[in-house]
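J.: The structure follows.
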Amino acid sequence: MPLSRQESERYSRQLIVPGIGLRGQAKLKNASVLVAGAGGLGGVVLAYLAAAGVGRLGFADPGLLELSNLNRQIFYKTRDLGRAKVRLLASFLKDLNPRVRLEPLRLKLDSENLAPLLKKYGLVADCTDNFEARFELNKACVRAGRTLVHGAVYGFEGQLAVIAPRGGPCLKCVFPHMPPRLKGYTPAPGPAPGAIGAMQAAEVIKIICGLPHLRGRLVIYDFAHGAAHSVRLKRRRACGVCGKRDEG
């Protein structure tokens, strides 16, 4: 379906990006993405995907807006404290781009609801804030054959990876053991999740448009020192999620 005149004007700056053009824009329009989390990472990912014209966006988060969210979750307002974040974010995204189909889900993603949800979406962005949720999402995406764009932040450090479906390596290959549970809040200066979220959105757009992306690599960003390094991920044969356990 050709773009309308209004769509051509809205997306004019990305239509001239090499590798996107009209064909890429059509792919974005027909794409569906599930974003796990509507916080500092998820809000940024969703804003950029909606602005880019991704046709259908699902986003899941059970939380209500808290005062401690507002140092980094910049799409919310102080007057909205106590309201469901997915509903607030849906209102913002609708105003940003009314042509995008929005599916806000006020729920906690778990082993029971992930499998049927993933059947509805072609791609998943991991914007969760704990390893229990990340591992559950990783397992579900491997089983469903969905690419997972992973992002995480701790203090002034962020990480980004694209986990390809089936064949690994998966997130459990990188982190075979559950890290110790944090006490209290995860430290997060506002710009760090903003930057990682923008990079996640860029990876999602590149994947949809068929452009080179971070498949099989983990990039670690040190915002405190302005440095970054990339690690090639290796599949673990004994991985309980994507590998084959050694016999005997």
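Ordered as shown in the structure tokens, chains take letters A, B, and onward, while each chain numbers its residues from 1 and ligands are numbered from 1 in the order shown.
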Go through stretch 15-110 of chain A residue by residue and, counting only C-alpha atoms, keep those with an atom at most 9 Å from stretch 182-191 of chain A; for each kept residue give the shortest atom pair and its distance in Å to one decimal, ordered by chain and increasing number, as a Markdown table.
T.:
```
| residue | atom | partner | partner_atom | distance |
| --- | --- | --- | --- | --- |
| A:Gly40 | CA | A:Gly190 | CA | 7.6 |
| A:Leu70 | CA | A:Gly190 | CA | 8.6 |
| A:Asn71 | CA | A:Gly190 | CA | 5.5 |
| A:Arg72 | CA | A:Gly190 | CA | 3.9 |
| A:Gln73 | CA | A:Gly190 | CA | 7.6 |
| A:Ile74 | CA | A:Gly190 | CA | 8.6 |
```
J.: Can those selected residues be exported to a file as a CSV table (one decimal), in the first residue's frame so that it contains C-alpha atoms?
T.:
```
chain,number,residue,atom,x,y,z
A,40,GLY,CA,13.0,4.4,31.4
A,70,LEU,CA,10.4,10.6,37.1
A,71,ASN,CA,14.1,11.1,37.0
A,72,ARG,CA,14.3,9.0,33.9
A,73,GLN,CA,10.8,8.2,32.7
A,74,ILE,CA,10.3,11.5,30.9
```
J.: Give me, as a list in words, all polymer residues having an atom no more than 12 Å from A:Pro2, counting only C-alpha atoms and skipping those fewer than 5 positions away in the same chain.
T.: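 In the requested form, the answer reads Glu7, Ser8, Leu22, Arg23, Gln25, Ala26, Lys27 and Lys29 of chain A.
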J.: Could you name the residues that touch A:Val162 at 12 Å or less, counting only C-alpha atoms, but leaving out those on the same chain fewer than 3 positions away, as an MDAnalysis selection string?
T.: chainID A and resid 123:126 138 141 146:151 159 165 168:171 199:204 206:207 212:219 231:233
J.: If I take atom CA of A:Leu28 and atom CA of A:Leu49, how far is one from the other in Å, to one decimal?
T.: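 Atom-to-atom, atom CA of A:Leu28 to atom CA of A:Leu49, that is 8.9 Å.
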J.: Quote the spacing between atom CA of A:Tyr76 and atom CA of A:Ile205 in Å to one decimal place.
T.: 24.3 Å
J.: Please provide the set of residues having any atom within 12 Å of A:Pro176, restricted to only C-alpha atoms, with same-chain residues fewer than 3 positions apart removed, written as a list of chain:residue names.
T.: A:Phe131, A:Phe135, A:Pro169, A:Cys170, A:Leu171, A:Lys172, A:Cys173, A:Pro179, A:Arg235, A:Arg236, A:Arg237, A:Ala238, A:Cys239, A:Gly240, A:Val241, A:Cys242, A:Gly243
J.: Grab the atom CA of A:Phe75 to atom CA of A:Leu93 distance for me, in Å with one decimal place.
T.: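 One can read the atom CA of A:Phe75 to atom CA of A:Leu93 distance as 9.4 Å.
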J.: Near A:Gly58, counting only C-alpha atoms, which residues have an atom at most 6 Å away, once you skip same-chain residues fewer than 6 positions from it, shown as JSON, numbers by chain?
T.: {"A": [34, 103, 104]}
J.: Taking into account only C-alpha atoms, which residue in the set A:Cys209, A:Ala38, A:Ala90, A:Ala192 is nearest to A:Ala224?
T.: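 Closest candidate: A:Ala192.
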J.: Which residues are close to A:Ala52, i.e. within 8 Å by only C-alpha atoms, leaving aside same-chain residues fewer than 2 positions away? Reply as JSON, numbers by chain.
T.: {"A": [11, 14, 28, 48, 49, 50, 54]}
J.: Would you give me, as a list in words, the residues in stretch 76-212 of chain A that DSSP reads as strand (DSSP E or B)?
T.: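 Across stretch 76-212 of chain A, those assigned strand (DSSP E or B) are Ala84, Arg101, Leu102, Glu103, Pro104, Leu105, Leu123, Val124, Ala125, Asp126, Thr147, Leu148, Val149, His150, Gly151, Ala152, Val153, Tyr154, Glu157, Gly158, Gln159, Leu160, Ala161, Val162 and Ile163 of chain A.
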J.: Could you turn the residues from that selection into a file that holds N, CA and C atoms, as a tab-separated table (two decimals), in the first residue's frame?
T.:
```
chain	number	residue	atom	x	y	z
A	84	ALA	N	-1.87	4.16	35.98
A	84	ALA	CA	-1.22	3.06	35.26
A	84	ALA	C	-0.31	3.61	34.17
A	101	ARG	N	-1.04	1.52	15.58
A	101	ARG	CA	-1.99	0.75	16.40
A	101	ARG	C	-1.32	0.42	17.73
A	102	LEU	N	-1.95	0.83	18.82
A	102	LEU	CA	-1.37	0.65	20.15
A	102	LEU	C	-2.14	-0.41	20.92
A	103	GLU	N	-1.38	-1.26	21.62
A	103	GLU	CA	-1.99	-2.32	22.42
A	103	GLU	C	-1.36	-2.34	23.81
A	104	PRO	N	-1.82	-1.43	24.70
A	104	PRO	CA	-1.27	-1.38	26.07
A	104	PRO	C	-1.77	-2.56	26.89
A	105	LEU	N	-0.87	-3.19	27.61
A	105	LEU	CA	-1.20	-4.38	28.39
A	105	LEU	C	-0.75	-4.15	29.83
A	123	LEU	N	8.57	-9.27	16.76
A	123	LEU	CA	9.85	-8.86	17.34
A	123	LEU	C	9.59	-8.41	18.77
A	124	VAL	N	10.60	-8.57	19.64
A	124	VAL	CA	10.42	-8.24	21.05
A	124	VAL	C	11.59	-7.36	21.53
A	125	ALA	N	11.26	-6.33	22.31
A	125	ALA	CA	12.27	-5.49	22.95
A	125	ALA	C	12.23	-5.72	24.45
A	126	ASP	N	13.35	-6.12	25.02
A	126	ASP	CA	13.47	-6.38	26.45
A	126	ASP	C	13.84	-5.09	27.17
A	147	THR	N	13.10	-12.78	17.56
A	147	THR	CA	14.32	-12.04	17.87
A	147	THR	C	14.06	-11.13	19.06
A	148	LEU	N	15.03	-11.09	19.98
A	148	LEU	CA	14.91	-10.30	21.20
A	148	LEU	C	15.99	-9.23	21.20
A	149	VAL	N	15.58	-7.96	21.31
A	149	VAL	CA	16.52	-6.85	21.41
A	149	VAL	C	16.61	-6.48	22.89
A	150	HIS	N	17.75	-6.81	23.48
A	150	HIS	CA	17.94	-6.69	24.93
A	150	HIS	C	18.65	-5.39	25.29
A	151	GLY	N	18.14	-4.72	26.30
A	151	GLY	CA	18.82	-3.54	26.83
A	151	GLY	C	18.75	-3.55	28.35
A	152	ALA	N	19.78	-3.02	28.99
A	152	ALA	CA	19.81	-2.96	30.45
A	152	ALA	C	20.73	-1.83	30.88
A	153	VAL	N	20.47	-1.32	32.08
A	153	VAL	CA	21.25	-0.21	32.63
A	153	VAL	C	21.52	-0.46	34.10
A	154	TYR	N	22.74	-0.15	34.51
A	154	TYR	CA	23.09	-0.14	35.94
A	154	TYR	C	24.02	1.04	36.15
A	157	GLU	N	26.45	2.54	33.42
A	157	GLU	CA	26.79	1.49	32.46
A	157	GLU	C	25.52	0.94	31.82
A	158	GLY	N	25.59	0.73	30.52
A	158	GLY	CA	24.46	0.14	29.80
A	158	GLY	C	24.93	-0.98	28.90
A	159	GLN	N	24.02	-1.87	28.55
A	159	GLN	CA	24.36	-2.95	27.63
A	159	GLN	C	23.23	-3.18	26.64
A	160	LEU	N	23.64	-3.64	25.47
A	160	LEU	CA	22.72	-3.81	24.36
A	160	LEU	C	23.12	-5.07	23.60
A	161	ALA	N	22.13	-5.88	23.23
A	161	ALA	CA	22.41	-7.10	22.46
A	161	ALA	C	21.19	-7.46	21.63
A	162	VAL	N	21.43	-8.16	20.52
A	162	VAL	CA	20.35	-8.72	19.72
A	162	VAL	C	20.48	-10.24	19.79
A	163	ILE	N	19.47	-10.87	20.37
A	163	ILE	CA	19.45	-12.32	20.56
A	163	ILE	C	18.62	-12.93	19.44
```
